[in-house]
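**Student:** Dropping in data39.pdb, which is PDB, C-alpha atoms:
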```
ATOM      1  CA  MET A   1     -15.604  16.651   5.718
ATOM      2  CA  GLY A   2     -15.295  13.309   7.546
ATOM      3  CA  ARG A   3     -14.613  11.487   4.279
ATOM      4  CA  ASP A   4     -11.983  14.087   3.306
ATOM      5  CA  LEU A   5     -10.242  13.713   6.653
ATOM      6  CA  LEU A   6     -10.167   9.906   6.277
ATOM      7  CA  LEU A   7      -8.843  10.308   2.730
ATOM      8  CA  PHE A   8      -6.060  12.638   3.918
ATOM      9  CA  ILE A   9      -5.063  10.365   6.819
ATOM     10  CA  THR A  10      -5.077   7.224   4.607
ATOM     11  CA  VAL A  11      -2.924   8.737   1.847
ATOM     12  CA  PHE A  12      -0.608  10.444   4.369
ATOM     13  CA  ALA A  13       0.008   7.210   6.323
ATOM     14  CA  ALA A  14       0.472   5.075   3.167
ATOM     15  CA  CYS A  15       2.959   7.597   1.788
ATOM     16  CA  ALA A  16       4.814   7.855   5.104
ATOM     17  CA  VAL A  17       5.321   4.066   5.254
ATOM     18  CA  GLU A  18       6.675   3.879   1.704
ATOM     19  CA  ALA A  19       8.702   7.083   2.107
ATOM     20  CA  VAL A  20      10.532   5.583   5.105
ATOM     21  CA  GLU A  21      11.666   2.689   2.889
ATOM     22  CA  ALA A  22      12.632   5.026   0.039
ATOM     23  CA  VAL A  23      14.602   7.363   2.351
ATOM     24  CA  THR A  24      16.515   4.341   3.713
ATOM     25  CA  ILE A  25      17.623   3.400   0.183
ATOM     26  CA  VAL A  26      18.474   6.994  -0.840
ATOM     27  CA  LEU A  27      20.560   7.403   2.341
ATOM     28  CA  ALA A  28      22.431   4.147   1.693
ATOM     29  CA  ALA A  29      23.140   5.193  -1.907
ATOM     30  CA  GLY A  30      24.187   8.708  -0.863
ATOM     31  CA  LEU A  31      26.544   7.633   1.915
ATOM     32  CA  THR A  32      28.331   4.990  -0.164
ATOM     33  CA  ARG A  33      28.172   6.194  -3.780
ATOM     34  CA  GLY A  34      28.010   9.977  -3.342
ATOM     35  CA  TRP A  35      25.096  12.336  -2.829
ATOM     36  CA  ARG A  36      25.165  13.667  -6.395
ATOM     37  CA  SER A  37      24.255  10.295  -7.922
ATOM     38  CA  SER A  38      21.771   9.427  -5.184
ATOM     39  CA  LEU A  39      19.934  12.762  -5.399
ATOM     40  CA  ALA A  40      19.937  12.594  -9.216
ATOM     41  CA  GLY A  41      18.266   9.157  -9.030
ATOM     42  CA  LEU A  42      15.763  10.513  -6.508
ATOM     43  CA  SER A  43      14.942  13.544  -8.690
ATOM     44  CA  VAL A  44      14.420  11.543 -11.894
ATOM     45  CA  ALA A  45      12.210   9.021 -10.048
ATOM     46  CA  LEU A  46      10.085  11.851  -8.615
ATOM     47  CA  ILE A  47       9.690  13.351 -12.117
ATOM     48  CA  VAL A  48       8.563   9.952 -13.510
ATOM     49  CA  LEU A  49       6.111   9.535 -10.613
ATOM     50  CA  ALA A  50       4.724  13.056 -11.128
ATOM     51  CA  ALA A  51       4.248  12.290 -14.843
ATOM     52  CA  ILE A  52       2.365   9.052 -14.021
ATOM     53  CA  VAL A  53       0.087  10.919 -11.583
ATOM     54  CA  ALA A  54      -0.439  13.763 -14.088
ATOM     55  CA  VAL A  55      -1.505  11.291 -16.818
ATOM     56  CA  LEU A  56      -3.494   8.857 -14.624
ATOM     57  CA  GLY A  57      -5.347  11.471 -12.534
ATOM     58  CA  PRO A  58      -7.181  13.335 -15.327
ATOM     59  CA  ALA A  59      -7.674  10.060 -17.308
ATOM     60  CA  LEU A  60      -9.558   8.501 -14.390
ATOM     61  CA  THR A  61     -11.916  11.480 -14.060
ATOM     62  CA  VAL A  62     -13.476  10.739 -17.506
ATOM     63  CA  VAL A  63     -14.373   7.133 -16.580
ATOM     64  CA  PRO A  64     -18.071   6.702 -15.498
ATOM     65  CA  ILE A  65     -18.205   6.926 -11.702
ATOM     66  CA  ASP A  66     -19.862   3.529 -11.056
ATOM     67  CA  ALA A  67     -17.353   1.666 -13.240
ATOM     68  CA  LEU A  68     -14.502   3.597 -11.631
ATOM     69  CA  ARG A  69     -15.727   2.792  -8.115
ATOM     70  CA  LEU A  70     -16.179  -0.891  -8.939
ATOM     71  CA  VAL A  71     -12.652  -1.286 -10.338
ATOM     72  CA  VAL A  72     -10.934   1.072  -7.899
ATOM     73  CA  GLY A  73     -12.886  -0.350  -4.963
ATOM     74  CA  GLY A  74     -11.901  -3.899  -5.922
ATOM     75  CA  LEU A  75      -8.233  -2.939  -6.271
ATOM     76  CA  LEU A  76      -8.275  -1.053  -2.959
ATOM     77  CA  VAL A  77      -9.761  -4.078  -1.152
ATOM     78  CA  VAL A  78      -7.022  -6.265  -2.701
ATOM     79  CA  PHE A  79      -4.261  -3.804  -1.707
ATOM     80  CA  GLY A  80      -5.776  -3.226   1.716
ATOM     81  CA  LEU A  81      -6.029  -6.950   2.474
ATOM     82  CA  GLN A  82      -2.433  -7.492   1.309
ATOM     83  CA  TRP A  83      -1.181  -4.707   3.601
ATOM     84  CA  LEU A  84      -3.294  -6.074   6.464
ATOM     85  CA  ARG A  85      -2.072  -9.632   5.876
ATOM     86  CA  LYS A  86       1.561  -8.502   6.084
ATOM     87  CA  ALA A  87       0.948  -6.307   9.146
ATOM     88  CA  ILE A  88      -1.019  -9.045  10.989
ATOM     89  CA  LEU A  89       1.647 -11.679  10.277
ATOM     90  CA  ARG A  90       4.284  -9.289  11.682
ATOM     91  CA  ALA A  91       2.184  -8.186  14.679
ATOM     92  CA  SER A  92       1.436 -11.787  15.642
ATOM     93  CA  GLY A  93       5.086 -12.837  15.465
ATOM     94  CA  PHE A  94       4.858 -15.192  12.451
ATOM     95  CA  VAL A  95       7.040 -12.859  10.361
ATOM     96  CA  PRO A  96       9.839 -10.657  11.799
ATOM     97  CA  LEU A  97       9.132  -6.933  12.034
ATOM     98  CA  HIS A  98      10.499  -4.807   9.197
ATOM     99  CA  ASP A  99      13.968  -3.747  10.342
ATOM    100  CA  GLU A 100      15.077  -0.536   8.575
ATOM    101  CA  GLU A 101      18.517  -0.688  10.212
ATOM    102  CA  ALA A 102      19.143  -4.205   8.840
ATOM    103  CA  ILE A 103      17.954  -3.138   5.373
ATOM    104  CA  PHE A 104      20.170  -0.045   5.584
ATOM    105  CA  ALA A 105      23.209  -2.176   6.540
ATOM    106  CA  ARG A 106      22.514  -4.602   3.666
ATOM    107  CA  GLU A 107      22.134  -1.798   1.124
ATOM    108  CA  LEU A 108      25.363  -0.194   2.409
ATOM    109  CA  ALA A 109      27.297  -3.463   2.044
ATOM    110  CA  ASP A 110      25.930  -4.104  -1.483
ATOM    111  CA  ALA A 111      26.656  -0.541  -2.583
ATOM    112  CA  ARG A 112      30.227  -0.649  -1.215
ATOM    113  CA  ALA A 113      30.882  -3.987  -2.914
ATOM    114  CA  ALA A 114      29.787  -2.739  -6.363
ATOM    115  CA  GLY A 115      32.479  -1.396  -8.688
ATOM    116  CA  ARG A 116      32.690   2.369  -9.118
ATOM    117  CA  GLU A 117      32.686   4.134 -12.463
ATOM    118  CA  PRO A 118      35.250   6.941 -12.836
ATOM    119  CA  GLY A 119      33.989  10.579 -12.762
ATOM    120  CA  GLY A 120      30.511  12.061 -13.304
ATOM    121  CA  ILE A 121      27.346  10.417 -12.030
ATOM    122  CA  ASP A 122      27.877   6.998 -10.480
ATOM    123  CA  GLY A 123      25.556   4.584 -12.299
ATOM    124  CA  TYR A 124      25.054   2.196  -9.365
ATOM    125  CA  GLY A 125      24.180   4.975  -6.915
ATOM    126  CA  PHE A 126      21.822   6.600  -9.434
ATOM    127  CA  LEU A 127      20.015   3.359 -10.245
ATOM    128  CA  LEU A 128      19.787   2.224  -6.602
ATOM    129  CA  SER A 129      18.176   5.512  -5.606
ATOM    130  CA  PHE A 130      15.980   5.731  -8.754
ATOM    131  CA  LYS A 131      14.650   2.174  -8.436
ATOM    132  CA  GLY A 132      14.019   2.461  -4.694
ATOM    133  CA  VAL A 133      12.049   5.704  -4.990
ATOM    134  CA  LEU A 134      10.128   4.652  -8.124
ATOM    135  CA  LEU A 135       9.076   1.231  -6.821
ATOM    136  CA  GLU A 136       8.103   2.501  -3.354
ATOM    137  CA  GLY A 137       6.406   5.520  -4.920
ATOM    138  CA  LEU A 138       4.332   3.685  -7.541
ATOM    139  CA  GLU A 139       2.065   1.977  -5.033
ATOM    140  CA  VAL A 140       1.543   5.250  -3.197
ATOM    141  CA  ALA A 141       0.921   7.177  -6.435
ATOM    142  CA  PHE A 142      -1.677   4.575  -7.388
ATOM    143  CA  ILE A 143      -3.391   4.759  -3.978
ATOM    144  CA  ALA A 144      -3.402   8.586  -4.015
ATOM    145  CA  VAL A 145      -4.744   8.840  -7.585
ATOM    146  CA  THR A 146      -7.460   6.195  -7.213
ATOM    147  CA  LEU A 147      -8.626   7.329  -3.763
ATOM    148  CA  GLY A 148      -8.536  10.969  -4.855
ATOM    149  CA  SER A 149     -10.404  10.424  -8.133
ATOM    150  CA  SER A 150     -13.071   8.173  -6.539
ATOM    151  CA  GLN A 151     -13.792  11.004  -4.135
ATOM    152  CA  HIS A 152     -13.353  13.751  -6.758
ATOM    153  CA  ASN A 153     -10.512  15.187  -4.707
ATOM    154  CA  VAL A 154      -7.199  14.302  -6.353
ATOM    155  CA  GLY A 155      -5.818  17.640  -5.078
ATOM    156  CA  LEU A 156      -6.334  16.689  -1.423
ATOM    157  CA  ALA A 157      -4.839  13.217  -1.968
ATOM    158  CA  ALA A 158      -1.818  14.760  -3.728
ATOM    159  CA  ALA A 159      -1.396  17.280  -0.890
ATOM    160  CA  ALA A 160      -1.437  14.436   1.668
ATOM    161  CA  ALA A 161       1.150  12.506  -0.368
ATOM    162  CA  VAL A 162       3.477  15.487  -0.775
ATOM    163  CA  THR A 163       3.156  16.398   2.942
ATOM    164  CA  ALA A 164       4.022  12.846   4.037
ATOM    165  CA  VAL A 165       7.050  12.614   1.727
ATOM    166  CA  ALA A 166       8.253  16.095   2.837
ATOM    167  CA  VAL A 167       7.917  15.213   6.550
ATOM    168  CA  VAL A 168       9.744  11.869   6.212
ATOM    169  CA  ALA A 169      12.460  13.376   3.957
ATOM    170  CA  ALA A 170      12.989  16.262   6.395
ATOM    171  CA  VAL A 171      13.361  13.855   9.322
ATOM    172  CA  GLY A 172      15.723  11.703   7.217
ATOM    173  CA  ILE A 173      17.895  14.739   6.422
ATOM    174  CA  VAL A 174      17.985  15.833  10.076
ATOM    175  CA  VAL A 175      18.827  12.441  11.614
ATOM    176  CA  HIS A 176      20.942  11.305   8.630
ATOM    177  CA  ALA A 177      20.233   7.692   9.524
ATOM    178  CA  PRO A 178      17.554   5.101   8.712
ATOM    179  CA  LEU A 179      14.230   5.988  10.310
ATOM    180  CA  SER A 180      14.031   2.843  12.403
ATOM    181  CA  ARG A 181      11.907   4.445  15.132
ATOM    182  CA  VAL A 182       8.923   5.089  12.878
ATOM    183  CA  PRO A 183       6.232   2.603  14.006
ATOM    184  CA  GLU A 184       6.029   1.139  10.516
ATOM    185  CA  ASN A 185       3.940  -1.933  11.290
ATOM    186  CA  PRO A 186       1.145  -0.119  13.179
ATOM    187  CA  LEU A 187       1.067   2.423  10.320
ATOM    188  CA  LYS A 188       0.852  -0.375   7.762
ATOM    189  CA  PHE A 189      -1.930  -2.008   9.795
ATOM    190  CA  GLY A 190      -3.861   1.280   9.948
ATOM    191  CA  VAL A 191      -3.460   1.937   6.234
ATOM    192  CA  GLY A 192      -4.561  -1.632   5.461
ATOM    193  CA  VAL A 193      -7.730  -1.144   7.529
ATOM    194  CA  MET A 194      -8.526   2.175   5.811
ATOM    195  CA  LEU A 195      -7.803   0.971   2.254
ATOM    196  CA  THR A 196      -9.997  -2.078   2.864
ATOM    197  CA  THR A 197     -12.756   0.159   4.273
ATOM    198  CA  PHE A 198     -12.759   2.583   1.324
ATOM    199  CA  GLY A 199     -12.464  -0.347  -1.096
ATOM    200  CA  ILE A 200     -15.465  -2.179   0.403
ATOM    201  CA  PHE A 201     -17.579   1.002   0.371
ATOM    202  CA  TRP A 202     -16.794   2.027  -3.214
ATOM    203  CA  GLY A 203     -16.564  -1.508  -4.624
ATOM    204  CA  ALA A 204     -20.033  -2.380  -3.330
ATOM    205  CA  GLU A 205     -21.446   0.990  -4.497
ATOM    206  CA  GLY A 206     -19.967   0.308  -7.956
ATOM    207  CA  ALA A 207     -21.687  -3.113  -7.918
ATOM    208  CA  GLY A 208     -25.027  -1.367  -7.343
ATOM    209  CA  VAL A 209     -25.348  -1.535  -3.541
ATOM    210  CA  ASP A 210     -27.150   1.230  -1.596
ATOM    211  CA  TRP A 211     -25.458   1.462   1.793
ATOM    212  CA  PRO A 212     -27.813   1.762   4.782
ATOM    213  CA  GLY A 213     -27.101   5.185   6.283
ATOM    214  CA  GLY A 214     -25.319   6.464   3.168
ATOM    215  CA  ASP A 215     -21.812   7.857   3.805
ATOM    216  CA  ALA A 216     -22.095   7.053   7.533
ATOM    217  CA  ALA A 217     -21.701   3.385   6.574
ATOM    218  CA  ILE A 218     -17.968   4.084   6.072
ATOM    219  CA  LEU A 219     -17.552   4.449   9.842
ATOM    220  CA  ALA A 220     -19.407   1.184  10.474
ATOM    221  CA  ILE A 221     -17.239  -0.644   7.888
ATOM    222  CA  LEU A 222     -14.124   0.933   9.466
ATOM    223  CA  GLY A 223     -15.133  -0.295  12.929
ATOM    224  CA  PHE A 224     -15.969  -3.786  11.654
ATOM    225  CA  THR A 225     -12.711  -4.130   9.671
ATOM    226  CA  LEU A 226     -10.603  -2.797  12.562
ATOM    227  CA  GLY A 227     -12.285  -5.033  15.141
ATOM    228  CA  ALA A 228     -12.031  -8.159  12.990
ATOM    229  CA  SER A 229      -8.374  -7.449  12.150
ATOM    230  CA  LEU A 230      -7.469  -6.941  15.826
ATOM    231  CA  ALA A 231      -9.256 -10.205  16.645
ATOM    232  CA  LEU A 232      -7.192 -11.967  13.952
ATOM    233  CA  VAL A 233      -3.964 -10.533  15.444
ATOM    234  CA  ALA A 234      -4.959 -11.774  18.920
ATOM    235  CA  ALA A 235      -5.905 -15.241  17.625
ATOM    236  CA  LEU A 236      -2.706 -15.631  15.602
ATOM    237  CA  ARG A 237      -0.579 -14.324  18.485
ATOM    238  CA  ARG A 238      -2.063 -16.992  20.774
ATOM    239  CA  ARG A 239      -1.433 -19.615  18.109
ATOM    240  CA  HIS A 240       2.151 -18.434  17.599
ATOM    241  CA  LEU A 241       2.850 -18.487  21.342
ATOM    242  CA  GLY A 242       1.396 -22.000  21.482
ATOM    243  CA  THR A 243       3.680 -23.087  18.635
ATOM    244  CA  VAL A 244       6.772 -21.528  20.254
ATOM    245  CA  THR A 245       6.156 -22.962  23.730
ATOM    246  CA  ALA A 246       5.090 -26.425  22.465
TER     247      ALA A 246
ATOM    248  CA  MET B 247      12.566  -8.956 -23.721
ATOM    249  CA  ARG B 248      14.244  -8.942 -20.298
ATOM    250  CA  HIS B 249      12.614  -5.583 -19.497
ATOM    251  CA  VAL B 250       9.167  -6.814 -20.622
ATOM    252  CA  ARG B 251       9.493  -9.864 -18.387
ATOM    253  CA  ALA B 252      10.696  -7.715 -15.463
ATOM    254  CA  PHE B 253       7.736  -5.355 -15.950
ATOM    255  CA  ALA B 254       5.289  -8.287 -16.140
ATOM    256  CA  THR B 255       6.733  -9.706 -12.902
ATOM    257  CA  PHE B 256       6.468  -6.293 -11.251
ATOM    258  CA  LEU B 257       2.834  -5.915 -12.411
ATOM    259  CA  TYR B 258       1.927  -9.395 -11.142
ATOM    260  CA  ASP B 259       3.523  -8.689  -7.737
ATOM    261  CA  PHE B 260       1.845  -5.274  -7.666
ATOM    262  CA  VAL B 261      -1.676  -6.661  -8.138
ATOM    263  CA  PHE B 262      -1.503 -10.197  -6.754
ATOM    264  CA  GLY B 263       1.099  -9.712  -3.987
ATOM    265  CA  ASP B 264       2.038 -12.641  -1.760
ATOM    266  CA  ASP B 265      -1.285 -14.471  -2.099
ATOM    267  CA  PRO B 266      -3.128 -14.493  -5.482
ATOM    268  CA  LEU B 267      -6.180 -15.995  -3.716
ATOM    269  CA  ILE B 268      -6.978 -12.538  -2.296
ATOM    270  CA  ALA B 269      -7.399 -10.884  -5.721
ATOM    271  CA  ILE B 270      -9.370 -13.813  -7.161
ATOM    272  CA  ALA B 271     -11.724 -14.050  -4.159
ATOM    273  CA  VAL B 272     -12.312 -10.269  -4.063
ATOM    274  CA  VAL B 273     -13.314 -10.282  -7.758
ATOM    275  CA  ALA B 274     -15.675 -13.219  -7.077
ATOM    276  CA  ALA B 275     -17.218 -11.434  -4.057
ATOM    277  CA  LEU B 276     -17.753  -8.251  -6.098
ATOM    278  CA  GLY B 277     -19.361 -10.288  -8.895
ATOM    279  CA  LEU B 278     -21.693 -12.024  -6.435
ATOM    280  CA  THR B 279     -22.588  -8.682  -4.830
ATOM    281  CA  GLY B 280     -23.465  -7.277  -8.263
ATOM    282  CA  ALA B 281     -25.531 -10.357  -9.202
ATOM    283  CA  LEU B 282     -27.496 -10.331  -5.922
ATOM    284  CA  THR B 283     -28.124  -6.583  -6.175
ATOM    285  CA  GLU B 284     -29.311  -7.033  -9.762
ATOM    286  CA  ALA B 285     -31.721  -9.726  -8.484
ATOM    287  CA  GLY B 286     -33.184  -7.261  -5.967
ATOM    288  CA  VAL B 287     -31.386  -8.537  -2.839
ATOM    289  CA  ALA B 288     -29.897  -5.923  -0.453
ATOM    290  CA  ALA B 289     -26.369  -7.364  -0.541
ATOM    291  CA  TRP B 290     -24.488  -4.578   1.306
ATOM    292  CA  TRP B 291     -23.367  -7.047   3.999
ATOM    293  CA  LEU B 292     -21.635  -9.441   1.584
ATOM    294  CA  LEU B 293     -18.411  -7.583   0.742
ATOM    295  CA  PRO B 294     -17.400  -6.708   4.346
ATOM    296  CA  LEU B 295     -17.950 -10.323   5.455
ATOM    297  CA  ALA B 296     -16.195 -11.689   2.361
ATOM    298  CA  ALA B 297     -13.172  -9.381   2.843
ATOM    299  CA  ILE B 298     -12.624 -10.518   6.441
ATOM    300  CA  GLY B 299     -13.269 -14.152   5.486
ATOM    301  CA  ILE B 300     -10.704 -13.922   2.661
ATOM    302  CA  LEU B 301      -8.180 -12.337   5.040
ATOM    303  CA  GLY B 302      -8.732 -15.090   7.592
ATOM    304  CA  VAL B 303      -8.287 -17.863   5.015
ATOM    305  CA  SER B 304      -5.169 -16.211   3.575
ATOM    306  CA  LEU B 305      -3.624 -15.845   7.055
ATOM    307  CA  HIS B 306      -4.505 -19.455   7.879
ATOM    308  CA  ARG B 307      -2.767 -20.617   4.676
ATOM    309  CA  ALA B 308       0.297 -18.476   5.487
ATOM    310  CA  THR B 309       0.661 -19.740   9.062
ATOM    311  CA  ARG B 310      -0.273 -23.395   8.502
ATOM    312  CA  ALA B 311       3.279 -24.306   7.507
TER     313      ALA B 311
END
```
Take the structure I supplied and represent it as structure tokens, if you would.
**Tutor:**
Amino acid sequence: MGRDLLLFITVFAACAVEAVEAVTIVLAAGLTRGWRSSLAGLSVALIVLAAIVAVLGPALTVVPIDALRLVVGGLLVVFGLQWLRKAILRASGFVPLHDEEAIFARELADARAAGREPGGIDGYGFLLSFKGVLLEGLEVAFIAVTLGSSQHNVGLAAAAAVTAVAVVAAVGIVVHAPLSRVPENPLKFGVGVMLTTFGIFWGAEGAGVDWPGGDAAILAILGFTLGASLALVAALRRRHLGTVTA
Amino acid sequence: MRHVRAFATFLYDFVFGDDPLIAIAVVAALGLTGALTEAGVAAWWLLPLAAIGILGVSLHRATRA
């Protein structure tokens, strides 16, 4: 139950972060190049993503569980540490926070500057929307499929992904503007901590480790990863302040 | 050819991200964990410590400049 809840929260948060970026691009394409082209690009990208999940999900269930956990665990640690690295650099001030409004303005300007094709579906709007949704969605599809299959619960991971995308899309439709108020960096930080935690647990199990306390070790790894990451943010923030004031 | 190169670039970015050291060090830590476990050592502590160590080194490299 506890593991399932963590799985749901991790996939939901990862999907929400990426969905915010995808909605920003779809909105920019829709407002400048027409909604027909933008929504067509979005639909085709979602179909491609669904096909990837449909092929990858069942394929992963036939791989021996220890080999799967070793490979998936390793990849999740790599992804988790990359997300954490980005989030810590932003939180400590070394890299500017992700600004959805600035990205939205840039996409709008680029889309307006591109030439328009007469009649039918506008190629630029279609491709902008398609590429944005596919690229943002691939990472999430991978996380959902690997986390879900390692825990024999692809259905729950898929439900979390669909719920997150539906919530973010609904908010995007209602506000009709980039979702700049979503606390993207804290979400990214949280997802990084959870991906790293799951990755460490499964990766080590795949390498033959028996965790003291069994499944309860996940909570200990979560606490350790969170505490160490917060300590790194505090240390880098102090260092950044020292650099700025020096 | 252009599409193959674009896909290869995408795949590299997807796995290695901003710092390839992370992926390489994680693979090494997993290998060491497996070797120690095979030798009868309870190596459950290695991967958590290695992950945070790798993160610290990667952040240090990123902020040094």
**Student:** For chain A against chain B, which residues fall within 6 Å using all atoms listed in the file, given as a PyMOL selection string?
**Tutor:** chain A and resi 78+207+209
**Student:** Please produce a file of the residues just selected, as a PDB file, in the coordinates of the input, where the atoms kept are C-alpha atoms.
**Tutor:**
```
ATOM      1  CA  VAL A  78      -7.022  -6.265  -2.701  1.00  0.00           C
ATOM      2  CA  ALA A 207     -21.687  -3.113  -7.918  1.00  0.00           C
ATOM      3  CA  VAL A 209     -25.348  -1.535  -3.541  1.00  0.00           C
TER       4      VAL A 209
END
```
**Student:** Between atom CA of Ser37 of chain A and atom CA of Ala54 of chain A, what is the distance in Å, rounded to a tenth?
**Tutor:** 25.7 Å
**Student:** Specify as a compact mmCIF listing (two decimals) with C-alpha atoms, keeping the file's coordinate frame each residue included when the PyMOL selection byres ((chain A and resi 149) around 12) is applied to this file.
**Tutor:**
```
# COMPACT_ATOMS: atom_id res chain seq x y z
CA LEU A 7 -8.84 10.31 2.73
CA VAL A 53 0.09 10.92 -11.58
CA LEU A 56 -3.49 8.86 -14.62
CA GLY A 57 -5.35 11.47 -12.53
CA PRO A 58 -7.18 13.34 -15.33
CA ALA A 59 -7.67 10.06 -17.31
CA LEU A 60 -9.56 8.50 -14.39
CA THR A 61 -11.92 11.48 -14.06
CA VAL A 62 -13.48 10.74 -17.51
CA VAL A 63 -14.37 7.13 -16.58
CA PRO A 64 -18.07 6.70 -15.50
CA ILE A 65 -18.20 6.93 -11.70
CA LEU A 68 -14.50 3.60 -11.63
CA ARG A 69 -15.73 2.79 -8.12
CA VAL A 72 -10.93 1.07 -7.90
CA GLY A 73 -12.89 -0.35 -4.96
CA ALA A 141 0.92 7.18 -6.44
CA PHE A 142 -1.68 4.58 -7.39
CA ILE A 143 -3.39 4.76 -3.98
CA ALA A 144 -3.40 8.59 -4.01
CA VAL A 145 -4.74 8.84 -7.58
CA THR A 146 -7.46 6.20 -7.21
CA LEU A 147 -8.63 7.33 -3.76
CA GLY A 148 -8.54 10.97 -4.86
CA SER A 150 -13.07 8.17 -6.54
CA GLN A 151 -13.79 11.00 -4.14
CA HIS A 152 -13.35 13.75 -6.76
CA ASN A 153 -10.51 15.19 -4.71
CA VAL A 154 -7.20 14.30 -6.35
CA GLY A 155 -5.82 17.64 -5.08
CA LEU A 156 -6.33 16.69 -1.42
CA ALA A 157 -4.84 13.22 -1.97
CA ALA A 158 -1.82 14.76 -3.73
CA TRP A 202 -16.79 2.03 -3.21
```
**Student:** In Å, with one decimal, what is the gap from atom CA of Lys188 of chain A to atom CA of Val95 of chain A?
**Tutor:**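 We find that atom CA of Lys188 of chain A and atom CA of Val95 of chain A lie 14.2 Å from each other.
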**Student:** If the PyMOL selection byres ((chain A and resi 46-49) around 9) is run on the structure shown, which residues does it catch, given as a ChimeraX atom specification?
**Tutor:** /A:41-45,50-54,130,133-134,137-138,141
**Student:** Counting all atoms listed in the file, figure out which residue out of A:Leu31, A:Ala170, A:Ala19, A:Val71 gets nearest to Gly206 of chain A.
**Tutor:**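 When distances to Gly206 of chain A are compared using all atoms listed in the file, the smallest one comes from A:Val71.
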**Student:** Enclose segment 23-28 of chain A, meaning all of its atoms listed in the file, in a box aligned along x, y and z, pad it by 4 Å on each side, and list the centre and edge lengths in Å to one decimal, as JSON.
**Tutor:**
```
{"center_x": 18.5, "center_y": 5.4, "center_z": 1.4, "size_x": 15.8, "size_y": 12.0, "size_z": 12.6}
```
**Student:** Pull out every residue that the PyMOL selection byres ((chain A and resi 21) around 9) matches in the shown coordinates and put them as a PyMOL selection string.
**Tutor:** chain A and resi 16-20+22-26+100+103+132-133+136+178-179
**Student:** To one decimal place in Å, what is the distance between atom CA of Phe224 of chain A and atom CA of Ala161 of chain A?
**Tutor:**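 So the answer is 26.5 Å.
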**Student:** Can I get C-alpha atoms for segment 255-298 of chain B, as an mmCIF file, in the first residue's frame?
**Tutor:**
```cif
data_model
loop_
_atom_site.group_PDB
_atom_site.id
_atom_site.type_symbol
_atom_site.label_atom_id
_atom_site.label_comp_id
_atom_site.auth_asym_id
_atom_site.auth_seq_id
_atom_site.Cartn_x
_atom_site.Cartn_y
_atom_site.Cartn_z
ATOM 1 C CA THR B 255 21.602 13.134 -30.020
ATOM 2 C CA PHE B 256 18.185 12.866 -28.378
ATOM 3 C CA LEU B 257 19.038 9.408 -26.960
ATOM 4 C CA TYR B 258 22.383 10.642 -25.607
ATOM 5 C CA ASP B 259 20.722 13.657 -23.939
ATOM 6 C CA PHE B 260 17.953 11.398 -22.628
ATOM 7 C CA VAL B 261 20.334 9.007 -20.852
ATOM 8 C CA PHE B 262 23.409 11.109 -20.094
ATOM 9 C CA GLY B 263 21.774 14.532 -19.568
ATOM 10 C CA ASP B 264 23.924 17.511 -18.606
ATOM 11 C CA ASP B 265 26.647 15.486 -16.877
ATOM 12 C CA PRO B 266 27.728 12.087 -18.332
ATOM 13 C CA LEU B 267 29.729 11.443 -15.127
ATOM 14 C CA ILE B 268 26.457 10.634 -13.325
ATOM 15 C CA ALA B 269 25.558 7.702 -15.615
ATOM 16 C CA ILE B 270 29.115 6.330 -15.653
ATOM 17 C CA ALA B 271 29.524 6.545 -11.859
ATOM 18 C CA VAL B 272 26.098 4.972 -11.195
ATOM 19 C CA VAL B 273 26.983 1.986 -13.422
ATOM 20 C CA ALA B 274 30.319 1.635 -11.575
ATOM 21 C CA ALA B 275 28.584 1.802 -8.162
ATOM 22 C CA LEU B 276 26.050 -0.851 -9.220
ATOM 23 C CA GLY B 277 28.877 -3.078 -10.487
ATOM 24 C CA LEU B 278 30.784 -2.701 -7.212
ATOM 25 C CA THR B 279 27.619 -3.430 -5.213
ATOM 26 C CA GLY B 280 27.086 -6.617 -7.234
ATOM 27 C CA ALA B 281 30.733 -7.703 -6.835
ATOM 28 C CA LEU B 282 30.738 -7.120 -3.056
ATOM 29 C CA THR B 283 27.411 -8.925 -2.639
ATOM 30 C CA GLU B 284 28.744 -11.839 -4.690
ATOM 31 C CA ALA B 285 31.768 -11.936 -2.336
ATOM 32 C CA GLY B 286 29.447 -12.237 0.676
ATOM 33 C CA VAL B 287 29.648 -8.612 1.888
ATOM 34 C CA ALA B 288 26.373 -6.908 2.944
ATOM 35 C CA ALA B 289 26.755 -3.953 0.567
ATOM 36 C CA TRP B 290 23.293 -2.350 0.969
ATOM 37 C CA TRP B 291 24.883 0.900 2.203
ATOM 38 C CA LEU B 292 27.044 1.434 -0.897
ATOM 39 C CA LEU B 293 24.511 2.655 -3.475
ATOM 40 C CA PRO B 294 22.822 5.316 -1.274
ATOM 41 C CA LEU B 295 26.220 6.752 -0.278
ATOM 42 C CA ALA B 296 27.511 6.558 -3.857
ATOM 43 C CA ALA B 297 24.397 8.302 -5.259
ATOM 44 C CA ILE B 298 24.744 11.267 -2.887
#
```
